[in-house]
Amino acid sequence: MSLMSEVGQKAFDLGVPIAVHMDVTYRCNERCIHCYLDHDDHGEMTTAEITGVLDQLAAAGVFFITFSGGEVFLRRDFFEILEYARRLMFNVKIKTNAVMIHEKDARRIRELGVDTIQISVYSHRAEVHDAITKLPHSFDRTVAAIRFLREQGLRVTIANVLMTANSFDHLGVQQLAADLGVHYTLDPTITPMMDGDTSVLSLRIPGEELPEIFNNPALVGNQEDFCAPPKPPSEEDLEGYSCSAGHSFCYISPYGDVFPCVQFPLPTGNIRQQKFLDIWNHSPEMNEVRSIQAKHLTTCSSCSHVSSCSRCPGLAYVEGNMRGPSTADCEKSFYRTGVPTANMLQQGLSKPRAATSKTTALIQIRTIAVSA
Amino acid sequence: MPEGSIYITRSSAIAARALAGEMMVMNSANSTFFTLNEVATAIFQAADGRTPLQQIVRDTICEQFDVDPEQALTDAEQFVAELSSHGILLVSSEPLSAEASR
């Protein structure tokens with residue numbers, strides 16, 4: 001176990017929120033076709049509110065903070081927020097589309113000691129990338145920004161979300177990342193919108209295309225291990241739980257709402273009304289998330305994949321039950337190994353159903369009204 | 001200023017946080033990550049650029065921990081040299097500003 005993993009496990013065991021993802025805005029200059037956000041501003045936290053939250057997070061033991069959005073650089077005070085976070089000695093990661101980053105901004109980011117900048121790139125072909133972001137010339141601007149950041153010696157990761165519109169381009173984006181001297185990560189998961197609208201799920205790549213990704217050692221490391229049939233779970237596997245959401249990680253929205261994870265829209269409290277640690281330590285919802293053990297999962301506890309599945313409790317929650325299966329992960333487990341999941345067997349399926357889109361609101365992230 | 005004094009301060013390039021009494025320290029510029037034990041954490045926290053290392057060892061380390069002063073100073077000097085080589089602590093024979101630049 002690496003030192004980093006040991007520290008992560010220690011935080012998990014002690015219930016210390018070692019990592020937080022904070023969206024500072026939902027506003028965005030791109031309109032990506034798969035995006036799950038409502039880009040209107042419903043009352044973002046002010047600079048003073050955010051710096052106050054950062055003080056609380058530092059006191060609570062948070063070490064890793066990710067600033068994301070929306071597009072973070074749309075906030076005129078973003079550098080002020082960054083500077084404050086670094087003064088509090090957080091390890092800072094930024095997620096951005098980078099189109100607003102120019103040479104002087106890259107220099108400032110380096111001076112502030114930001115750890116990593118993760119940048120969304122959908123294709124190595126400008127016309128495909130721009131068609132997904134719906135922002136003309138966004139590809140050229142994003143790639144120019146990556147070059148500025150690299151010139152400053154900063155660590156950059158290209159995040160490549162895969163969907164039907166770019167499903168053949170991931171090898172091209174991987175090559176682009178290599179040419180630019182940056183890391184590459186791929187995510188084939190499209191999530192429902194925050195208002196519960198699942199229409200974007202029609203953009204998910206067909207499950208039949210997943211094996212090509214899962215058999216690419218450049219993406220998954222040791223392909224034989226990654227695609228090996230699942231091992232029977234140990235007692236320890238069933239007593240434990242692998243996801244850090246609510247255990248050592250949480251998400252804070254631009255409106256101060258606290259959730260177990262950015263993909264887990266279960267409201268646990270609002271930081272404008274309560275102290276962060278009161279929510280973290282005493283929220284009944286947060287404690288319910290923490291109470292889940294693999295042996296408590298409906299269907300999944302008897303699944304042969306239980307010890308190796310990437311089951312996301314947030315996606316399961318959006319499907320209706322945080323202890324139930326997440327069908328997107330069932331699909332991944334099946335196409336990774338060829339072994340059907342308990343969820344599939346229960347439904348008499350020999351292969352997963354294709355993702356469907358419907359517009360029924362399942363779960364909503366609600367803004368909690370704040371009195372003036 | 002006592003002759004031969006060593007002054008230490010934390011680099012502003014690093015990230016650091018205490019976890020259960022131990023300090024996690026990361027320098028993203030060179031991808032180094034350390035955890036410091038209680039004694040090392042006490043030195044790290046006292047590294048204000050103004051207090052000589054000898055005084056930190058005498059007033060903080062020897063006060064808080066049951067250690068031999070001479071051995072404690074030797075260990076502290078080794079620890080400072082190690083963290084300094086990774087860009088985590090900055091060392092000078094003159095007083096430094098707290099959290100000096102990179």
# chains A, B, ... in the order shown; residues from 1 in each chain; ligands from 1
>>> closest_atom_pairs(of="chain B", to="chain A", cutoff="6 Å", atoms="only C-alpha atoms", output="Markdown table")
| residue | atom | partner | partner_atom | distance |
| --- | --- | --- | --- | --- |
| B:Ala13 | CA | A:Gly113 | CA | 5.1 |
| B:Ala15 | CA | A:Met89 | CA | 4.5 |
| B:Ala16 | CA | A:Met89 | CA | 5.4 |
| B:Arg17 | CA | A:Phe63 | CA | 5.7 |
| B:Ser28 | CA | A:Asp115 | CA | 5.2 |
>>> residues_around(residues="Thr35 of chain B", least_positions_apart="6", cutoff="8 Å", atoms="only C-alpha atoms", output="PyMOL selection string")
chain B and resi 22-25
>>> residues_around(residues="Cys300 of chain A", least_positions_apart="5", cutoff="10 Å", atoms="only C-alpha atoms", output="list in words")
Ala294, Lys295, His305, Val306, Ser307, Cys309, Arg311, Arg323, Gly324, Pro325, Ser326, Cys330, Thr341, Ala342 and Asn343 of chain A
>>> residues_around(residues="Met100 of chain A", least_positions_apart="5", cutoff="10 Å", atoms="only C-alpha atoms", output="PyMOL selection string")
chain A and resi 29+71-74+105+138+141-142+145
>>> atom_distance(atom1="atom CA of Met194 of chain A", atom2="atom CA of Leu37 of chain A")
5.9 Å
>>> select_by_dssp(residues="chain B", states="strand (DSSP E or B)", output="PyMOL selection string")
chain B and resi 7-11+14-19+22-27+32-36+48-52+89-92+100
>>> write_last_selection(atoms="N, CA and C atoms", output="mmCIF file, in the first residue's frame")
data_model
loop_
_atom_site.group_PDB
_atom_site.id
_atom_site.type_symbol
_atom_site.label_atom_id
_atom_site.label_comp_id
_atom_site.auth_asym_id
_atom_site.auth_seq_id
_atom_site.Cartn_x
_atom_site.Cartn_y
_atom_site.Cartn_z
ATOM 1 N N TYR B 7 18.020 29.034 10.719
ATOM 2 C CA TYR B 7 16.609 29.459 10.710
ATOM 3 C C TYR B 7 15.872 28.650 9.647
ATOM 4 N N ILE B 8 14.675 28.210 9.981
ATOM 5 C CA ILE B 8 13.912 27.387 9.028
ATOM 6 C C ILE B 8 12.506 27.944 8.866
ATOM 7 N N THR B 9 12.018 27.822 7.648
ATOM 8 C CA THR B 9 10.635 28.223 7.392
ATOM 9 C C THR B 9 10.040 27.286 6.342
ATOM 10 N N ARG B 10 8.722 27.231 6.323
ATOM 11 C CA ARG B 10 8.027 26.348 5.365
ATOM 12 C C ARG B 10 7.975 27.027 4.005
ATOM 13 N N SER B 11 8.177 26.271 2.953
ATOM 14 C CA SER B 11 8.045 26.818 1.600
ATOM 15 C C SER B 11 6.569 27.113 1.329
ATOM 16 N N ILE B 14 4.221 24.401 -0.750
ATOM 17 C CA ILE B 14 3.752 23.102 -0.255
ATOM 18 C C ILE B 14 2.305 23.154 0.231
ATOM 19 N N ALA B 15 1.743 21.970 0.352
ATOM 20 C CA ALA B 15 0.448 21.804 1.010
ATOM 21 C C ALA B 15 0.692 20.989 2.273
ATOM 22 N N ALA B 16 -0.032 21.296 3.336
ATOM 23 C CA ALA B 16 0.186 20.570 4.593
ATOM 24 C C ALA B 16 -1.075 20.567 5.440
ATOM 25 N N ARG B 17 -1.286 19.463 6.154
ATOM 26 C CA ARG B 17 -2.436 19.382 7.059
ATOM 27 C C ARG B 17 -2.150 18.289 8.089
ATOM 28 N N ALA B 18 -2.599 18.519 9.302
ATOM 29 C CA ALA B 18 -2.425 17.513 10.349
ATOM 30 C C ALA B 18 -3.538 16.476 10.270
ATOM 31 N N LEU B 19 -3.170 15.216 10.408
ATOM 32 C CA LEU B 19 -4.146 14.126 10.465
ATOM 33 C C LEU B 19 -3.783 13.253 11.655
ATOM 34 N N GLU B 22 -0.306 13.639 13.113
ATOM 35 C CA GLU B 22 0.805 13.584 12.164
ATOM 36 C C GLU B 22 0.542 14.581 11.036
ATOM 37 N N MET B 23 1.606 15.195 10.551
ATOM 38 C CA MET B 23 1.464 16.200 9.504
ATOM 39 C C MET B 23 1.667 15.552 8.125
ATOM 40 N N MET B 24 0.678 15.780 7.229
ATOM 41 C CA MET B 24 0.862 15.376 5.823
ATOM 42 C C MET B 24 1.457 16.573 5.112
ATOM 43 N N VAL B 25 2.493 16.340 4.345
ATOM 44 C CA VAL B 25 3.142 17.436 3.621
ATOM 45 C C VAL B 25 3.358 17.005 2.179
ATOM 46 N N MET B 26 2.977 17.876 1.263
ATOM 47 C CA MET B 26 3.110 17.530 -0.146
ATOM 48 C C MET B 26 3.722 18.702 -0.892
ATOM 49 N N ASN B 27 4.684 18.403 -1.734
ATOM 50 C CA ASN B 27 5.241 19.417 -2.626
ATOM 51 C C ASN B 27 4.880 19.004 -4.047
ATOM 52 N N THR B 32 6.461 15.130 -4.200
ATOM 53 C CA THR B 32 6.876 14.425 -2.990
ATOM 54 C C THR B 32 5.763 14.531 -1.945
ATOM 55 N N PHE B 33 5.607 13.447 -1.191
ATOM 56 C CA PHE B 33 4.569 13.388 -0.163
ATOM 57 C C PHE B 33 5.157 12.728 1.072
ATOM 58 N N PHE B 34 5.019 13.385 2.195
ATOM 59 C CA PHE B 34 5.564 12.858 3.451
ATOM 60 C C PHE B 34 4.485 12.881 4.527
ATOM 61 N N THR B 35 4.627 12.007 5.483
ATOM 62 C CA THR B 35 3.910 12.211 6.739
ATOM 63 C C THR B 35 4.976 12.348 7.829
ATOM 64 N N LEU B 36 4.772 13.310 8.693
ATOM 65 C CA LEU B 36 5.749 13.583 9.750
ATOM 66 C C LEU B 36 5.214 13.062 11.073
ATOM 67 N N ASP B 48 9.060 29.117 11.898
ATOM 68 C CA ASP B 48 8.508 30.434 11.567
ATOM 69 C C ASP B 48 9.519 31.360 10.920
ATOM 70 N N GLY B 49 10.723 30.864 10.685
ATOM 71 C CA GLY B 49 11.752 31.685 10.038
ATOM 72 C C GLY B 49 12.469 32.623 10.995
ATOM 73 N N ARG B 50 11.951 32.779 12.207
ATOM 74 C CA ARG B 50 12.544 33.730 13.158
ATOM 75 C C ARG B 50 13.210 33.043 14.350
ATOM 76 N N THR B 51 12.700 31.842 14.669
ATOM 77 C CA THR B 51 13.240 31.136 15.838
ATOM 78 C C THR B 51 14.356 30.185 15.393
ATOM 79 N N PRO B 52 15.549 30.325 15.942
ATOM 80 C CA PRO B 52 16.637 29.413 15.552
ATOM 81 C C PRO B 52 16.283 27.953 15.872
ATOM 82 N N LEU B 89 11.195 22.616 3.415
ATOM 83 C CA LEU B 89 11.661 23.648 4.345
ATOM 84 C C LEU B 89 12.758 24.470 3.671
ATOM 85 N N LEU B 90 12.780 25.759 3.991
ATOM 86 C CA LEU B 90 13.856 26.612 3.504
ATOM 87 C C LEU B 90 14.761 26.925 4.691
ATOM 88 N N VAL B 91 16.055 26.867 4.478
ATOM 89 C CA VAL B 91 17.026 27.000 5.563
ATOM 90 C C VAL B 91 17.932 28.196 5.279
ATOM 91 N N SER B 92 18.249 28.939 6.337
ATOM 92 C CA SER B 92 19.134 30.097 6.164
ATOM 93 C C SER B 92 19.890 30.355 7.460
ATOM 94 N N ALA B 100 8.227 31.343 3.269
ATOM 95 C CA ALA B 100 8.991 32.043 2.246
ATOM 96 C C ALA B 100 8.578 31.589 0.856
#
>>> residues_around(residues="Glu224 of chain A", least_positions_apart="4", cutoff="12 Å", atoms="only C-alpha atoms", output="PDB file with N, CA, C and O atoms, in the first residue's frame")
ATOM      1  N   PHE A 214     -11.900  -1.332 -22.022  1.00  0.00           N
ATOM      2  CA  PHE A 214     -11.415  -2.129 -20.898  1.00  0.00           C
ATOM      3  C   PHE A 214     -10.249  -3.037 -21.288  1.00  0.00           C
ATOM      4  O   PHE A 214      -9.568  -3.573 -20.415  1.00  0.00           O
ATOM      5  N   ASN A 215     -10.058  -3.236 -22.584  1.00  0.00           N
ATOM      6  CA  ASN A 215      -8.946  -4.090 -23.011  1.00  0.00           C
ATOM      7  C   ASN A 215      -7.752  -3.281 -23.504  1.00  0.00           C
ATOM      8  O   ASN A 215      -6.832  -3.839 -24.087  1.00  0.00           O
ATOM      9  N   ASN A 216      -7.781  -1.974 -23.246  1.00  0.00           N
ATOM     10  CA  ASN A 216      -6.672  -1.112 -23.663  1.00  0.00           C
ATOM     11  C   ASN A 216      -5.751  -0.867 -22.469  1.00  0.00           C
ATOM     12  O   ASN A 216      -6.090  -0.119 -21.556  1.00  0.00           O
ATOM     13  N   PRO A 217      -4.560  -1.524 -22.457  1.00  0.00           N
ATOM     14  CA  PRO A 217      -3.667  -1.387 -21.299  1.00  0.00           C
ATOM     15  C   PRO A 217      -3.275   0.057 -21.021  1.00  0.00           C
ATOM     16  O   PRO A 217      -3.015   0.426 -19.871  1.00  0.00           O
ATOM     17  N   VAL A 220      -6.207   1.139 -18.764  1.00  0.00           N
ATOM     18  CA  VAL A 220      -6.597   0.415 -17.548  1.00  0.00           C
ATOM     19  C   VAL A 220      -5.420  -0.205 -16.806  1.00  0.00           C
ATOM     20  O   VAL A 220      -5.599  -0.815 -15.757  1.00  0.00           O
ATOM     21  N   ALA A 228     -10.120  -9.599 -15.199  1.00  0.00           N
ATOM     22  CA  ALA A 228     -10.196 -10.958 -14.623  1.00  0.00           C
ATOM     23  C   ALA A 228     -11.579 -11.206 -14.023  1.00  0.00           C
ATOM     24  O   ALA A 228     -12.217 -10.268 -13.519  1.00  0.00           O
ATOM     25  N   PRO A 229     -12.055 -12.461 -14.071  1.00  0.00           N
ATOM     26  CA  PRO A 229     -13.335 -12.771 -13.422  1.00  0.00           C
ATOM     27  C   PRO A 229     -13.272 -12.408 -11.936  1.00  0.00           C
ATOM     28  O   PRO A 229     -12.200 -12.468 -11.326  1.00  0.00           O
ATOM     29  N   PRO A 230     -14.396 -11.998 -11.350  1.00  0.00           N
ATOM     30  CA  PRO A 230     -14.370 -11.549  -9.944  1.00  0.00           C
ATOM     31  C   PRO A 230     -14.001 -12.679  -8.989  1.00  0.00           C
ATOM     32  O   PRO A 230     -14.348 -13.834  -9.215  1.00  0.00           O
ATOM     33  N   ARG A 336     -16.579  -5.689 -18.500  1.00  0.00           N
ATOM     34  CA  ARG A 336     -15.169  -5.813 -18.102  1.00  0.00           C
ATOM     35  C   ARG A 336     -14.768  -7.282 -17.994  1.00  0.00           C
ATOM     36  O   ARG A 336     -13.657  -7.658 -18.380  1.00  0.00           O
ATOM     37  N   THR A 337     -15.682  -8.104 -17.494  1.00  0.00           N
ATOM     38  CA  THR A 337     -15.311  -9.491 -17.172  1.00  0.00           C
ATOM     39  C   THR A 337     -16.063 -10.539 -17.974  1.00  0.00           C
ATOM     40  O   THR A 337     -15.647 -11.706 -18.027  1.00  0.00           O
TER      41      THR A 337
END
>>> select_by_dssp(residues="chain B", states="helix (DSSP H, G or I)", output="ChimeraX atom specification")
/B:38-46,53-64,69-85
>>> atom_distance(atom1="atom CA of Ile109 of chain A", atom2="atom CA of Ala144 of chain A")
15.5 Å
>>> atom_distance(atom1="atom CA of Asp237 of chain A", atom2="atom CA of Thr299 of chain A")
15.4 Å
>>> residues_around(residues="Ala40 of chain B", least_positions_apart="5", cutoff="10 Å", atoms="only C-alpha atoms", output="JSON, numbers by chain")
{"B": [22, 23, 35, 45, 46, 61, 75, 76, 79, 80]}
>>> write_last_selection(atoms="C-alpha atoms", output="mmCIF file, in the first residue's frame")
data_model
loop_
_atom_site.group_PDB
_atom_site.id
_atom_site.type_symbol
_atom_site.label_atom_id
_atom_site.label_comp_id
_atom_site.auth_asym_id
_atom_site.auth_seq_id
_atom_site.Cartn_x
_atom_site.Cartn_y
_atom_site.Cartn_z
ATOM 1 C CA GLU B 22 0.805 13.584 12.164
ATOM 2 C CA MET B 23 1.464 16.200 9.504
ATOM 3 C CA THR B 35 3.910 12.211 6.739
ATOM 4 C CA GLN B 45 4.940 23.865 12.998
ATOM 5 C CA ALA B 46 7.556 25.898 14.823
ATOM 6 C CA ILE B 61 10.995 19.477 21.463
ATOM 7 C CA ASP B 75 18.095 14.416 14.690
ATOM 8 C CA ALA B 76 16.463 17.799 14.037
ATOM 9 C CA PHE B 79 15.340 16.094 9.481
ATOM 10 C CA VAL B 80 15.701 19.711 8.348
#
>>> residues_around(residues="segment 276-289 of chain A", least_positions_apart="4", cutoff="7 Å", atoms="only C-alpha atoms", output="list in words")
Gln56, Ala60, Gly246, Pro260, Thr268, Gly269 and Ile271 of chain A
>>> decode(residues="segment 18-88 of chain B", atoms="C-alpha atoms", output="compact mmCIF listing (two decimals), in the first residue's frame")
# COMPACT_ATOMS: atom_id res chain seq x y z
CA ALA B 18 -2.43 17.51 10.35
CA LEU B 19 -4.15 14.13 10.46
CA ALA B 20 -4.43 12.49 13.88
CA GLY B 21 -1.34 14.25 15.22
CA GLU B 22 0.80 13.58 12.16
CA MET B 23 1.46 16.20 9.50
CA MET B 24 0.86 15.38 5.82
CA VAL B 25 3.14 17.44 3.62
CA MET B 26 3.11 17.53 -0.15
CA ASN B 27 5.24 19.42 -2.63
CA SER B 28 3.38 19.21 -5.92
CA ALA B 29 6.30 20.80 -7.78
CA ASN B 30 8.31 17.59 -7.41
CA SER B 31 5.51 15.18 -6.44
CA THR B 32 6.88 14.43 -2.99
CA PHE B 33 4.57 13.39 -0.16
CA PHE B 34 5.56 12.86 3.45
CA THR B 35 3.91 12.21 6.74
CA LEU B 36 5.75 13.58 9.75
CA ASN B 37 5.65 11.98 13.18
CA GLU B 38 4.78 14.02 16.27
CA VAL B 39 8.31 15.29 16.90
CA ALA B 40 8.88 16.23 13.27
CA THR B 41 5.43 17.85 13.19
CA ALA B 42 6.36 20.00 16.19
CA ILE B 43 9.51 21.22 14.41
CA PHE B 44 7.57 21.82 11.18
CA GLN B 45 4.94 23.87 13.00
CA ALA B 46 7.56 25.90 14.82
CA ALA B 47 9.38 26.74 11.57
CA ASP B 48 8.51 30.43 11.57
CA GLY B 49 11.75 31.68 10.04
CA ARG B 50 12.54 33.73 13.16
CA THR B 51 13.24 31.14 15.84
CA PRO B 52 16.64 29.41 15.55
CA LEU B 53 16.45 25.62 15.22
CA GLN B 54 18.50 25.25 18.41
CA GLN B 55 15.85 27.23 20.30
CA ILE B 56 12.99 25.19 18.73
CA VAL B 57 14.68 22.00 19.91
CA ARG B 58 15.36 23.37 23.39
CA ASP B 59 12.03 25.12 24.02
CA THR B 60 9.60 22.95 22.07
CA ILE B 61 11.00 19.48 21.46
CA CYS B 62 12.78 18.96 24.78
CA GLU B 63 9.82 20.47 26.64
CA GLN B 64 7.17 18.32 24.92
CA PHE B 65 9.06 15.06 24.48
CA ASP B 66 11.34 13.08 26.72
CA VAL B 67 14.52 13.32 24.62
CA ASP B 68 18.22 13.94 25.12
CA PRO B 69 18.88 17.58 23.99
CA GLU B 70 22.09 16.78 22.10
CA GLN B 71 20.57 13.81 20.28
CA ALA B 72 17.42 15.83 19.60
CA LEU B 73 19.43 18.59 17.92
CA THR B 74 21.36 16.11 15.76
CA ASP B 75 18.09 14.42 14.69
CA ALA B 76 16.46 17.80 14.04
CA GLU B 77 19.36 18.90 11.83
CA GLN B 78 19.08 15.68 9.80
CA PHE B 79 15.34 16.09 9.48
CA VAL B 80 15.70 19.71 8.35
CA ALA B 81 18.34 18.73 5.78
CA GLU B 82 16.07 15.99 4.43
CA LEU B 83 13.00 18.23 4.07
CA SER B 84 15.10 21.05 2.70
CA SER B 85 16.44 18.77 -0.06
CA HIS B 86 12.81 18.19 -1.13
CA GLY B 87 11.96 21.89 -1.14
CA ILE B 88 9.64 21.61 1.87
